[in-house]
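Here's query-v4.cif, which has mmCIF, C-alpha atoms and all ligand atoms:
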```cif
data_protein
#
loop_
_atom_site.label_atom_id
_atom_site.label_comp_id
_atom_site.auth_asym_id
_atom_site.auth_seq_id
_atom_site.Cartn_x
_atom_site.Cartn_y
_atom_site.Cartn_z
CA MET A 18 21.39 -1.37 -78.22
CA LYS A 19 17.94 -0.96 -76.64
CA SER A 20 16.83 -3.48 -74.02
CA ILE A 21 13.50 -5.28 -74.24
CA ASP A 22 12.18 -3.01 -71.48
CA ASP A 23 13.31 0.14 -73.32
CA ILE A 24 11.54 -0.93 -76.51
CA ALA A 25 8.42 -1.95 -74.60
CA ALA A 26 8.30 1.37 -72.75
CA ALA A 27 8.35 3.30 -76.04
CA LEU A 28 5.59 1.21 -77.64
CA GLN A 29 2.08 2.69 -77.44
CA GLY A 30 -0.24 0.50 -75.35
CA TYR A 31 2.30 -2.31 -74.87
CA ASP A 32 0.70 -5.23 -73.04
CA PRO A 33 2.62 -8.51 -73.30
CA GLN A 34 -0.61 -10.37 -72.59
CA ALA A 35 -2.48 -8.86 -75.54
CA LEU A 36 -0.29 -7.53 -78.33
CA SER A 37 -1.68 -6.79 -81.78
CA VAL A 38 0.10 -8.02 -84.91
CA ASP A 39 1.03 -4.43 -85.78
CA GLN A 40 2.52 -3.87 -82.33
CA VAL A 41 4.63 -7.01 -82.69
CA ASN A 42 6.05 -5.78 -85.98
CA ALA A 43 6.67 -2.31 -84.54
CA PHE A 44 8.51 -3.93 -81.62
CA LEU A 45 10.61 -6.11 -83.92
CA ARG A 46 11.62 -3.13 -86.07
CA GLU A 47 13.23 -1.68 -82.95
CA LEU A 48 14.74 -4.97 -81.80
CA VAL A 49 16.57 -5.98 -84.96
CA GLN A 50 19.27 -4.06 -86.80
CA PRO A 51 20.72 -4.52 -90.29
CA VAL A 52 24.04 -6.37 -90.44
CA SER A 53 27.03 -4.06 -90.66
CA ALA A 54 28.22 -3.16 -94.16
CA ASP A 55 31.77 -3.67 -92.79
CA ASP A 56 31.35 -7.41 -93.32
CA SER A 57 30.25 -7.07 -96.93
CA GLN A 58 31.91 -9.06 -99.68
CA ASP A 59 32.34 -8.97 -103.46
CA VAL A 60 30.70 -11.88 -105.24
CA PHE A 61 30.45 -12.85 -108.90
CA LEU A 62 27.05 -12.34 -110.46
CA PHE A 63 26.35 -16.06 -110.73
CA ASP A 64 26.76 -16.28 -106.92
CA ALA A 65 24.74 -13.17 -106.18
CA LEU A 66 21.15 -14.32 -106.72
CA GLY A 67 19.07 -13.58 -103.61
CA ARG A 68 21.83 -11.56 -101.92
CA VAL A 69 21.38 -7.96 -100.78
CA LEU A 70 23.48 -5.10 -102.15
CA ALA A 71 25.72 -3.50 -99.50
CA GLN A 72 26.39 -0.42 -101.64
CA ASP A 73 24.92 1.35 -104.66
CA VAL A 74 25.86 0.02 -108.08
CA VAL A 75 26.91 3.13 -109.99
CA SER A 76 26.63 2.84 -113.73
CA PRO A 77 30.05 3.17 -115.44
CA ILE A 78 28.35 3.55 -118.82
CA SER A 79 25.09 4.74 -120.27
CA VAL A 80 22.70 2.02 -121.42
CA PRO A 81 22.12 2.12 -124.28
CA ALA A 82 25.46 3.74 -125.02
CA HIS A 83 24.16 5.47 -128.20
CA ASN A 84 20.91 6.52 -129.75
CA ASN A 85 19.86 3.48 -131.76
CA SER A 86 17.04 1.96 -133.73
CA ALA A 87 14.21 0.00 -132.14
CA MET A 88 13.11 -1.42 -135.51
CA ASP A 89 14.39 -2.67 -138.84
CA GLY A 90 13.58 0.16 -141.25
CA PHE A 91 14.80 3.48 -142.63
CA ALA A 92 16.30 6.21 -140.45
CA PHE A 93 15.69 9.79 -141.48
CA ASP A 94 15.37 13.38 -140.22
CA ALA A 95 11.72 13.92 -139.29
CA ALA A 96 11.96 17.67 -139.95
CA GLN A 97 11.25 16.72 -143.56
CA LEU A 98 7.81 15.25 -142.79
CA GLN A 99 4.85 17.27 -144.02
CA ALA A 100 1.21 16.65 -143.14
CA ASP A 101 -0.71 14.67 -145.78
CA GLN A 102 2.39 14.34 -148.01
CA PRO A 103 4.29 11.11 -148.61
CA LEU A 104 8.05 11.53 -148.10
CA ARG A 105 10.35 10.09 -150.72
CA LEU A 106 14.02 9.59 -149.73
CA ARG A 107 17.11 8.13 -151.35
CA VAL A 108 18.76 5.26 -149.46
CA VAL A 109 22.48 5.99 -149.02
CA GLY A 110 23.65 2.95 -147.08
CA THR A 111 22.89 0.35 -144.44
CA ALA A 112 23.64 0.58 -140.70
CA LEU A 113 24.04 -2.82 -139.05
CA ALA A 114 23.86 -3.57 -135.33
CA GLY A 115 27.26 -3.67 -133.68
CA LYS A 116 29.12 -1.12 -135.79
CA ALA A 117 28.72 2.57 -136.53
CA TRP A 118 27.86 3.53 -140.11
CA GLN A 119 30.50 5.85 -141.55
CA GLY A 120 29.17 8.76 -143.56
CA LYS A 121 26.67 11.55 -143.49
CA VAL A 122 22.99 11.51 -144.37
CA ASN A 123 21.82 14.70 -146.06
CA ALA A 124 18.36 16.18 -146.68
CA GLY A 125 16.42 13.99 -149.08
CA GLU A 126 18.34 10.91 -147.93
CA CYS A 127 17.85 8.10 -145.47
CA LEU A 128 19.73 5.13 -144.10
CA LYS A 129 18.55 1.54 -144.07
CA ILE A 130 18.96 0.54 -140.43
CA MET A 131 18.73 -2.67 -138.40
CA THR A 132 17.35 -3.00 -134.89
CA GLY A 133 20.01 -1.94 -132.36
CA ALA A 134 22.20 -0.16 -134.94
CA ILE A 135 23.64 3.21 -133.93
CA LEU A 136 21.55 6.12 -135.17
CA PRO A 137 23.70 8.89 -136.78
CA ASP A 138 23.43 12.25 -134.99
CA GLU A 139 21.62 13.96 -137.84
CA LEU A 140 18.74 11.43 -137.84
CA ASP A 141 16.00 11.10 -135.25
CA THR A 142 13.27 8.80 -136.54
CA ILE A 143 12.91 5.31 -137.99
CA ALA A 144 10.22 4.34 -140.50
CA PRO A 145 9.57 0.61 -140.00
CA GLN A 146 10.28 -1.27 -143.23
CA GLU A 147 6.79 -2.75 -143.41
CA PHE A 148 5.32 0.79 -143.75
CA CYS A 149 7.60 1.81 -146.61
CA GLN A 150 7.50 1.28 -150.33
CA VAL A 151 10.95 0.54 -151.73
CA ASP A 152 11.86 1.15 -155.38
CA SER A 153 15.12 0.39 -157.12
CA ALA A 154 16.17 1.67 -160.52
CA HIS A 155 19.62 2.27 -162.06
CA ASN A 156 21.43 1.44 -158.80
CA VAL A 157 19.40 4.02 -156.90
CA THR A 158 17.07 2.83 -154.15
CA THR A 159 14.35 5.07 -152.83
CA VAL A 160 11.76 4.62 -150.12
CA THR A 161 8.40 6.28 -149.88
CA ILE A 162 7.08 6.87 -146.36
CA PRO A 163 3.29 7.26 -146.29
CA PRO A 164 1.90 10.44 -144.69
CA ASN A 165 0.56 10.90 -141.15
CA ILE A 166 1.88 7.69 -139.59
CA LEU A 167 5.13 8.87 -137.98
CA LYS A 168 6.29 11.67 -135.75
CA ALA A 169 9.78 12.79 -134.75
CA GLY A 170 11.50 10.33 -132.39
CA ASP A 171 9.40 7.30 -133.33
CA ASN A 172 11.17 3.94 -133.05
CA ARG A 173 14.31 5.54 -131.63
CA ARG A 174 15.93 4.35 -128.38
CA LEU A 175 17.68 7.23 -126.66
CA MET A 176 21.16 6.97 -125.19
CA GLY A 177 20.90 6.36 -121.42
CA GLU A 178 17.14 5.75 -121.47
CA ASP A 179 17.68 2.60 -119.40
CA LEU A 180 20.59 3.86 -117.29
CA MET A 181 22.66 7.02 -117.31
CA GLN A 182 26.42 6.96 -116.65
CA GLY A 183 27.33 8.01 -113.09
CA GLU A 184 23.84 7.43 -111.71
CA PRO A 185 23.07 4.65 -109.22
CA ALA A 186 21.63 1.84 -111.29
CA LEU A 187 20.68 -0.06 -108.13
CA LYS A 188 20.59 1.16 -104.55
CA ALA A 189 22.12 -0.45 -101.45
CA GLY A 190 19.48 -2.70 -99.88
CA GLN A 191 18.29 -3.99 -103.25
CA HIS A 192 17.57 -7.70 -103.30
CA LEU A 193 19.36 -9.26 -106.26
CA THR A 194 16.58 -10.74 -108.35
CA PRO A 195 17.11 -12.30 -111.79
CA ALA A 196 16.24 -8.92 -113.35
CA ALA A 197 18.76 -7.12 -111.11
CA LEU A 198 21.52 -9.59 -112.07
CA GLY A 199 20.81 -8.90 -115.74
CA LEU A 200 20.88 -5.15 -115.13
CA VAL A 201 24.29 -5.33 -113.42
CA ALA A 202 25.61 -7.48 -116.28
CA SER A 203 24.33 -4.94 -118.82
CA LEU A 204 26.71 -2.42 -117.23
CA GLY A 205 29.67 -4.70 -117.90
CA LEU A 206 30.23 -5.34 -114.18
CA PRO A 207 31.25 -8.92 -113.27
CA ASP A 208 30.67 -8.69 -109.51
CA VAL A 209 28.72 -6.86 -106.83
CA ARG A 210 29.32 -5.93 -103.19
CA VAL A 211 26.76 -7.70 -101.00
CA HIS A 212 26.02 -8.04 -97.31
CA ARG A 213 27.22 -11.25 -95.73
CA ARG A 214 24.61 -13.95 -95.40
CA LEU A 215 22.60 -13.98 -92.22
CA ARG A 216 23.49 -16.91 -89.92
CA VAL A 217 20.34 -18.40 -88.47
CA ALA A 218 20.25 -21.28 -86.00
CA TYR A 219 17.10 -23.28 -85.37
CA PHE A 220 15.95 -26.13 -83.22
CA SER A 221 12.77 -27.81 -82.11
CA THR A 222 11.96 -28.43 -78.46
CA GLY A 223 9.65 -30.81 -76.68
CA ASP A 224 9.95 -34.32 -75.31
CA GLU A 225 7.06 -35.49 -77.49
CA VAL A 226 8.93 -34.49 -80.65
CA LEU A 227 10.64 -37.30 -82.58
CA SER A 228 13.49 -36.90 -85.02
CA LEU A 229 13.24 -38.67 -88.35
CA GLY A 230 14.57 -42.19 -87.88
CA ASP A 231 13.24 -42.47 -84.31
CA ALA A 232 10.74 -45.29 -83.75
CA PRO A 233 7.13 -44.01 -83.50
CA ARG A 234 5.88 -43.78 -79.92
CA GLU A 235 2.39 -43.28 -78.55
CA GLY A 236 1.63 -39.58 -78.07
CA ALA A 237 4.76 -38.48 -79.94
CA VAL A 238 4.92 -36.56 -83.23
CA TYR A 239 7.61 -36.31 -85.84
CA ASP A 240 9.40 -32.99 -85.96
CA SER A 241 7.98 -31.16 -88.95
CA ASN A 242 8.85 -27.65 -87.77
CA ARG A 243 12.57 -28.01 -88.42
CA TYR A 244 11.81 -28.86 -92.02
CA THR A 245 9.41 -26.00 -92.67
CA VAL A 246 11.80 -23.56 -90.95
CA PHE A 247 14.71 -24.99 -92.95
CA GLY A 248 12.75 -24.42 -96.17
CA LEU A 249 11.64 -20.91 -95.26
CA LEU A 250 15.16 -19.85 -94.28
CA THR A 251 16.76 -21.46 -97.32
CA ARG A 252 14.37 -19.56 -99.59
CA MET A 253 15.58 -16.38 -97.89
CA GLY A 254 19.22 -17.19 -98.62
CA CYS A 255 20.30 -17.59 -94.97
CA GLU A 256 23.28 -19.58 -93.76
CA LEU A 257 21.79 -22.30 -91.56
CA ILE A 258 22.86 -23.84 -88.28
CA ASP A 259 20.62 -26.86 -87.69
CA MET A 260 20.60 -27.81 -84.01
CA GLY A 261 18.18 -30.73 -84.30
CA VAL A 262 15.59 -31.52 -81.65
CA VAL A 263 16.67 -30.41 -78.19
CA ARG A 264 15.11 -32.45 -75.41
CA ASP A 265 13.47 -30.78 -72.49
CA GLU A 266 16.42 -30.95 -70.12
CA PRO A 267 17.99 -27.83 -68.63
CA ASN A 268 21.59 -28.77 -69.43
CA LEU A 269 20.79 -29.61 -73.07
CA LEU A 270 18.81 -26.43 -73.58
CA GLU A 271 21.50 -24.39 -71.86
CA ALA A 272 24.21 -25.86 -74.08
CA ALA A 273 22.15 -25.26 -77.24
CA PHE A 274 21.45 -21.61 -76.44
CA ALA A 275 25.04 -20.99 -75.28
CA LYS A 276 26.45 -22.37 -78.53
CA VAL A 277 24.25 -20.44 -80.94
CA ALA A 278 24.25 -17.22 -78.92
CA LEU A 279 27.86 -16.74 -80.00
CA GLU A 280 27.57 -17.88 -83.61
CA ALA A 281 24.17 -16.90 -84.92
CA ASP A 282 22.55 -13.60 -85.86
CA ALA A 283 19.19 -15.15 -85.01
CA ILE A 284 17.84 -18.22 -83.24
CA ILE A 285 14.48 -19.70 -84.15
CA THR A 286 12.98 -22.24 -81.80
CA SER A 287 9.60 -23.92 -81.91
CA GLY A 288 7.53 -25.19 -79.01
CA GLY A 289 7.68 -24.68 -75.30
CA VAL A 290 6.53 -21.05 -75.12
CA SER A 291 2.82 -21.47 -74.40
CA VAL A 292 1.36 -20.63 -71.01
CA GLY A 293 0.73 -24.09 -69.69
CA GLU A 294 4.19 -25.36 -70.53
CA ALA A 295 5.72 -27.35 -67.70
CA ASP A 296 9.04 -27.51 -69.49
CA PHE A 297 12.35 -25.72 -69.12
CA THR A 298 12.48 -23.89 -72.44
CA LYS A 299 11.05 -20.62 -71.19
CA ALA A 300 13.08 -20.72 -67.98
CA MET A 301 16.29 -21.23 -69.95
CA MET A 302 15.47 -18.39 -72.38
CA LYS A 303 14.90 -16.11 -69.42
CA LYS A 304 18.06 -17.22 -67.67
CA GLN A 305 20.32 -16.79 -70.68
CA GLY A 306 18.88 -13.74 -72.34
CA ASP A 307 16.76 -10.60 -72.33
CA VAL A 308 13.45 -12.10 -73.41
CA ALA A 309 9.78 -11.13 -73.42
CA PHE A 310 6.98 -13.70 -73.45
CA TRP A 311 3.92 -12.61 -75.34
CA LYS A 312 0.35 -13.50 -76.01
CA ILE A 313 -0.49 -12.11 -79.41
CA ALA A 314 -4.04 -11.33 -80.50
CA MET A 315 -3.85 -13.59 -83.51
CA ARG A 316 -4.81 -17.02 -84.73
CA PRO A 317 -3.00 -19.27 -85.23
CA GLY A 318 0.11 -18.44 -83.22
CA ARG A 319 -0.82 -16.85 -79.92
CA PRO A 320 2.26 -17.47 -77.75
CA MET A 321 5.67 -16.24 -78.76
CA ALA A 322 8.96 -15.37 -77.06
CA VAL A 323 11.18 -12.62 -78.43
CA GLY A 324 14.43 -11.11 -77.29
CA ARG A 325 18.19 -11.43 -77.37
CA ILE A 326 20.44 -14.23 -76.24
CA GLY A 327 24.07 -13.21 -76.49
CA LYS A 328 24.45 -11.44 -79.83
CA SER A 329 21.53 -13.35 -81.35
CA VAL A 330 17.96 -12.28 -81.75
CA LEU A 331 15.60 -14.94 -80.41
CA PHE A 332 12.34 -15.85 -82.10
CA GLY A 333 10.66 -18.42 -79.83
CA LEU A 334 7.78 -19.63 -82.00
CA PRO A 335 4.84 -21.72 -80.86
CA GLY A 336 4.91 -25.47 -81.41
CA ASN A 337 1.95 -26.03 -83.69
CA PRO A 338 3.16 -26.54 -87.25
CA VAL A 339 0.82 -24.03 -88.93
CA ALA A 340 1.43 -21.48 -86.18
CA VAL A 341 5.18 -21.78 -86.85
CA MET A 342 4.75 -20.98 -90.53
CA VAL A 343 2.26 -18.17 -89.97
CA THR A 344 4.33 -16.44 -87.28
CA PHE A 345 7.38 -16.85 -89.50
CA LEU A 346 5.62 -15.13 -92.41
CA ALA A 347 4.00 -12.44 -90.28
CA PHE A 348 6.97 -11.54 -88.04
CA VAL A 349 10.20 -13.44 -88.55
CA ARG A 350 10.49 -12.96 -92.31
CA PRO A 351 10.13 -9.15 -92.23
CA ALA A 352 12.54 -8.97 -89.28
CA LEU A 353 15.14 -11.15 -91.03
CA LEU A 354 14.80 -9.09 -94.22
CA ARG A 355 15.59 -5.99 -92.19
CA MET A 356 18.58 -7.77 -90.61
CA MET A 357 19.80 -8.79 -94.08
CA GLY A 358 19.93 -5.10 -95.01
CA SER A 359 17.08 -5.47 -97.49
CA THR A 360 14.93 -2.46 -98.23
CA ALA A 361 12.30 -4.59 -100.03
CA LYS A 362 8.75 -3.53 -99.28
CA PRO A 363 6.30 -6.31 -98.39
CA ALA A 364 4.23 -7.49 -101.34
CA PRO A 365 0.83 -5.77 -101.39
CA LEU A 366 -2.14 -7.77 -100.13
CA LEU A 367 -4.59 -8.76 -102.87
CA ARG A 368 -8.36 -8.41 -102.62
CA ALA A 369 -10.43 -11.49 -103.41
CA LYS A 370 -14.14 -12.32 -103.06
CA SER A 371 -14.78 -14.92 -100.41
CA LEU A 372 -16.60 -17.99 -101.73
CA GLU A 373 -17.56 -18.95 -98.18
CA PRO A 374 -18.85 -17.30 -95.05
CA LEU A 375 -15.98 -16.94 -92.55
CA ARG A 376 -16.47 -16.74 -88.82
CA LYS A 377 -14.19 -14.16 -87.28
CA LYS A 378 -14.00 -12.56 -83.86
CA ALA A 379 -13.08 -8.90 -83.79
CA GLY A 380 -10.05 -8.11 -81.62
CA ARG A 381 -7.53 -10.49 -83.16
CA THR A 382 -5.90 -11.05 -86.54
CA GLU A 383 -6.68 -14.36 -88.22
CA TYR A 384 -4.71 -16.01 -90.98
CA GLN A 385 -6.83 -18.61 -92.74
CA ARG A 386 -5.26 -20.79 -95.38
CA GLY A 387 -6.86 -19.99 -98.70
CA PHE A 388 -6.80 -20.99 -102.31
CA VAL A 389 -7.06 -17.99 -104.63
CA SER A 390 -8.26 -18.43 -108.20
CA THR A 391 -9.65 -16.34 -111.03
CA SER A 392 -13.43 -16.32 -111.36
CA PRO A 393 -15.11 -16.66 -114.79
CA ASN A 394 -15.53 -12.86 -114.94
CA GLY A 395 -11.83 -12.31 -114.29
CA THR A 396 -11.87 -11.14 -110.67
CA LEU A 397 -10.05 -12.91 -107.84
CA GLN A 398 -11.93 -15.29 -105.59
CA VAL A 399 -10.80 -17.30 -102.57
CA ARG A 400 -11.98 -20.35 -100.69
CA THR A 401 -10.47 -21.78 -97.53
CA THR A 402 -8.61 -25.06 -97.55
CA GLY A 403 -11.09 -26.53 -95.04
CA ASN A 404 -10.02 -27.46 -91.51
CA GLN A 405 -8.18 -24.46 -90.08
CA GLY A 406 -6.68 -26.24 -87.06
CA SER A 407 -3.23 -24.93 -86.19
CA GLY A 408 -1.79 -28.42 -86.47
CA VAL A 409 -3.22 -29.11 -89.95
CA LEU A 410 -0.08 -28.68 -92.01
CA SER A 411 -1.75 -30.05 -95.16
CA SER A 412 -3.70 -26.76 -95.26
CA MET A 413 -0.43 -24.94 -95.91
CA VAL A 414 0.35 -27.27 -98.78
CA GLN A 415 -3.10 -26.96 -100.36
CA GLY A 416 -3.34 -23.21 -99.96
CA ASN A 417 -1.60 -20.66 -102.17
CA GLY A 418 -2.00 -17.80 -99.71
CA LEU A 419 -3.27 -16.64 -96.35
CA ILE A 420 -6.61 -14.89 -95.99
CA VAL A 421 -5.77 -12.04 -93.62
CA LEU A 422 -8.74 -11.12 -91.44
CA HIS A 423 -7.63 -7.95 -89.71
CA HIS A 424 -7.77 -7.07 -86.03
CA GLY A 425 -11.01 -5.09 -86.10
CA GLN A 426 -12.75 -7.20 -88.73
CA GLY A 427 -15.80 -9.39 -87.91
CA ASN A 428 -17.60 -12.17 -89.78
CA VAL A 429 -17.28 -12.35 -93.55
CA ALA A 430 -20.30 -13.11 -95.76
CA VAL A 431 -20.17 -14.93 -99.09
CA GLY A 432 -19.13 -12.41 -101.76
CA ASP A 433 -17.39 -10.03 -99.33
CA GLU A 434 -13.91 -9.00 -100.37
CA VAL A 435 -11.05 -10.09 -98.12
CA ASP A 436 -7.30 -9.41 -98.09
CA VAL A 437 -5.00 -12.21 -99.17
CA MET A 438 -1.24 -12.55 -98.64
CA MET A 439 -0.03 -14.76 -101.48
CA PHE A 440 2.73 -17.26 -100.68
CA ASP A 441 4.51 -16.56 -103.97
CA GLY A 442 8.11 -17.62 -103.66
CA ALA A 443 8.20 -17.55 -99.87
CA ILE A 444 6.71 -21.00 -99.29
P1 LIG B 501 3.70 -26.36 -77.67
O1 LIG B 501 3.73 -25.00 -78.25
O2 LIG B 501 5.04 -26.83 -77.24
O3 LIG B 501 2.67 -26.45 -76.59
O4 LIG B 501 3.22 -27.35 -78.82
C1 LIG B 501 1.95 -27.26 -79.40
C2 LIG B 501 1.69 -28.44 -80.28
O5 LIG B 501 2.63 -28.47 -81.36
C3 LIG B 501 1.78 -29.79 -79.63
O6 LIG B 501 0.73 -30.59 -80.10
C4 LIG B 501 3.11 -30.31 -80.08
O7 LIG B 501 3.13 -31.72 -80.09
C5 LIG B 501 3.23 -29.75 -81.47
N1 LIG B 501 4.64 -29.60 -81.82
C6 LIG B 501 5.58 -29.00 -81.05
N2 LIG B 501 6.78 -29.03 -81.67
C7 LIG B 501 6.58 -29.66 -82.84
C8 LIG B 501 7.45 -29.99 -83.92
N3 LIG B 501 8.74 -29.67 -83.90
N4 LIG B 501 6.93 -30.63 -84.99
C9 LIG B 501 5.61 -30.95 -85.01
N5 LIG B 501 4.74 -30.64 -84.04
C10 LIG B 501 5.23 -30.02 -82.94
MG MG B 502 5.49 -28.29 -75.69
#
```
In structure tokens, how does this file's structure come out?
Amino acid sequence: MKSIDDIAAALQGYDPQALSVDQVNAFLRELVQPVSADDSQDVFLFDALGRVLAQDVVSPISVPAHNNSAMDGFAFDAAQLQADQPLRLRVVGTALAGKAWQGKVNAGECLKIMTGAILPDELDTIAPQEFCQVDSAHNVTTVTIPPNILKAGDNRRLMGEDLMQGEPALKAGQHLTPAALGLVASLGLPDVRVHRRLRVAYFSTGDEVLSLGDAPREGAVYDSNRYTVFGLLTRMGCELIDMGVVRDEPNLLEAAFAKVALEADAIITSGGVSVGEADFTKAMMKKQGDVAFWKIAMRPGRPMAVGRIGKSVLFGLPGNPVAVMVTFLAFVRPALLRMMGSTAKPAPLLRAKSLEPLRKKAGRTEYQRGFVSTSPNGTLQVRTTGNQGSGVLSSMVQGNGLIVLHHGQGNVAVGDEVDVMMFDGAI
């Protein structure tokens, strides 16, 4: 396992007093490792939503298992089609979904077929019933297929076109989404092997921070960070260890870190890491672990502590409520996904036209809370939620994404396109 100093030494232009957002993520990719597949477990599909596959799911069958019809209509051999000529065929039976039709279809014949019914080997094409003229006389039914509307293979689903037997249907590292659960079920598999859940401990620090139920006090604020962090971690499917608010006393902080260092894969704290802090949080992190204290060229969320305490990875987030959420989304979430064994790529940033001028200093990354909507001509547009103070948590509620103003970017004029990171399911 690489020490903080080892990782720092290998990072181009590392300066703990002025790290870029990209450098932070590059550092974290080295710091955190995926959980071992040795601890993986088999879970039933209904318990697997949001979990991460620990091994490939190999398809025991082909899906679909047979060539079959995509339409209600008449199955026939398309070799008989001739340009500009209608094709008249005798109907020799009906193939229903769920059972194979017994018999053979010869030249000049066709089979009435329902959607999903197995297509006999000698047939390759289905004429949808609404295209065909059907005539019955003396117990003989014929269909006439008009010319020039069909080609060989039309309306046929090929065996294995969804999944082929013996091939990996899903790869290790796949996040189990609703679609993935359905795919596994379509293979007839009742359970999947997933990584264990990540155990994440979190607490808030600061003597001015009140727990819910405490009487209000002048100069004190209620602890909102534990609730946003709780929500963010729950959405990620983590197992949570809630440590409450830890007062700014060395023995309390020491006990909190000592406890979670043994139990948790990661510890997330908020508060107490900024430069002017007179408190014991930073000192205790340093004493108990291998920790770096950073100033990041970003807004909000400049100070942050990162490292290891015991077997846990420490994310010491700033105290301001918006800074907590932004640093979580920008750094903690991708790092935790990696630890969970997920190979999910981050969602692409969207481009939207700014409805306002935005002031931006080059040389830092800014995350402004934005509300993205569709303009009357169908393109995306974005406005800010107003006051961008790092304590204005209502901006995170009103916004549906973050406007990402990149490191080198300067002021934005009305109508300029900007990148937006949508909250989607993460918030
Ligand atoms: P700090 O990073 O400790 O200097 O805190 C920065 C600001 O965030 C201060 O105004 C704190 O009162 C506020 N703050 C710190 N922790 C919390 C918390 N858990 N919930 C709400 N606000 C907090
Ligand atoms: Mg503080």
One number please: CA of Pro335 (chain A) to atom N4 of ligand LIG 501 (chain B), in Å, one decimal.
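Going from CA of Pro335 (chain A) over to atom N4 of ligand LIG 501 (chain B), I get 10.0 Å.
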Spatial neighbours of region 282-294 of chain A, max dist 9 Å, only C-alpha atoms, sep filter under 3 positions, as a PDB file with C-alpha atoms, keeping the file's coordinate frame:
```
ATOM      1  CA  VAL A  52      24.040  -6.370 -90.440  1.00  0.00           C
ATOM      2  CA  LEU A 215      22.600 -13.980 -92.220  1.00  0.00           C
ATOM      3  CA  ARG A 216      23.490 -16.910 -89.920  1.00  0.00           C
ATOM      4  CA  VAL A 217      20.340 -18.400 -88.470  1.00  0.00           C
ATOM      5  CA  ALA A 218      20.250 -21.280 -86.000  1.00  0.00           C
ATOM      6  CA  TYR A 219      17.100 -23.280 -85.370  1.00  0.00           C
ATOM      7  CA  PHE A 220      15.950 -26.130 -83.220  1.00  0.00           C
ATOM      8  CA  SER A 221      12.770 -27.810 -82.110  1.00  0.00           C
ATOM      9  CA  THR A 222      11.960 -28.430 -78.460  1.00  0.00           C
ATOM     10  CA  GLY A 223       9.650 -30.810 -76.680  1.00  0.00           C
ATOM     11  CA  ASN A 242       8.850 -27.650 -87.770  1.00  0.00           C
ATOM     12  CA  ARG A 243      12.570 -28.010 -88.420  1.00  0.00           C
ATOM     13  CA  VAL A 246      11.800 -23.560 -90.950  1.00  0.00           C
ATOM     14  CA  ASP A 265      13.470 -30.780 -72.490  1.00  0.00           C
ATOM     15  CA  PHE A 274      21.450 -21.610 -76.440  1.00  0.00           C
ATOM     16  CA  VAL A 277      24.250 -20.440 -80.940  1.00  0.00           C
ATOM     17  CA  ALA A 278      24.250 -17.220 -78.920  1.00  0.00           C
ATOM     18  CA  LEU A 279      27.860 -16.740 -80.000  1.00  0.00           C
ATOM     19  CA  PHE A 297      12.350 -25.720 -69.120  1.00  0.00           C
ATOM     20  CA  THR A 298      12.480 -23.890 -72.440  1.00  0.00           C
ATOM     21  CA  LYS A 299      11.050 -20.620 -71.190  1.00  0.00           C
ATOM     22  CA  PHE A 310       6.980 -13.700 -73.450  1.00  0.00           C
ATOM     23  CA  TRP A 311       3.920 -12.610 -75.340  1.00  0.00           C
ATOM     24  CA  LYS A 312       0.350 -13.500 -76.010  1.00  0.00           C
ATOM     25  CA  ARG A 319      -0.820 -16.850 -79.920  1.00  0.00           C
ATOM     26  CA  PRO A 320       2.260 -17.470 -77.750  1.00  0.00           C
ATOM     27  CA  MET A 321       5.670 -16.240 -78.760  1.00  0.00           C
ATOM     28  CA  ALA A 322       8.960 -15.370 -77.060  1.00  0.00           C
ATOM     29  CA  ARG A 325      18.190 -11.430 -77.370  1.00  0.00           C
ATOM     30  CA  ILE A 326      20.440 -14.230 -76.240  1.00  0.00           C
ATOM     31  CA  LYS A 328      24.450 -11.440 -79.830  1.00  0.00           C
ATOM     32  CA  SER A 329      21.530 -13.350 -81.350  1.00  0.00           C
ATOM     33  CA  VAL A 330      17.960 -12.280 -81.750  1.00  0.00           C
ATOM     34  CA  LEU A 331      15.600 -14.940 -80.410  1.00  0.00           C
ATOM     35  CA  PHE A 332      12.340 -15.850 -82.100  1.00  0.00           C
ATOM     36  CA  GLY A 333      10.660 -18.420 -79.830  1.00  0.00           C
ATOM     37  CA  LEU A 334       7.780 -19.630 -82.000  1.00  0.00           C
ATOM     38  CA  PRO A 335       4.840 -21.720 -80.860  1.00  0.00           C
ATOM     39  CA  GLY A 336       4.910 -25.470 -81.410  1.00  0.00           C
ATOM     40  CA  ASN A 337       1.950 -26.030 -83.690  1.00  0.00           C
ATOM     41  CA  PRO A 338       3.160 -26.540 -87.250  1.00  0.00           C
ATOM     42  CA  VAL A 341       5.180 -21.780 -86.850  1.00  0.00           C
ATOM     43  CA  VAL A 349      10.200 -13.440 -88.550  1.00  0.00           C
ATOM     44  CA  LEU A 353      15.140 -11.150 -91.030  1.00  0.00           C
ATOM     45  CA  MET A 356      18.580  -7.770 -90.610  1.00  0.00           C
TER      46      MET A 356
END
```
So how far away is CA of Leu180 (chain A) from CA of Asp94 (chain A), in Å?
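These two atoms are separated by 25.4 Å.
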Please, which residues are within 12 Å of (-0.5, -30.8, -93.8) by the file's coordinates, counting all atoms listed in the file, and could they come as a list in words?
Ser241, Asn242, Thr245, Asn337, Pro338, Val339, Met342, Arg386, Thr402, Gly403, Asn404, Gln405, Gly406, Ser407, Gly408, Val409, Leu410, Ser411, Ser412, Met413, Val414, Gln415 and Gly416 of chain A
With 4 Å added on each side, what axis-aligned box encloses every listed atom of ligand LIG 501 (chain B)? Give the centre and edge lengths in Å to one decimal, as AutoDock Vina command-line options.
```
--center_x 4.7 --center_y -28.4 --center_z -80.8 --size_x 16.0 --size_y 14.7 --size_z 16.4
```
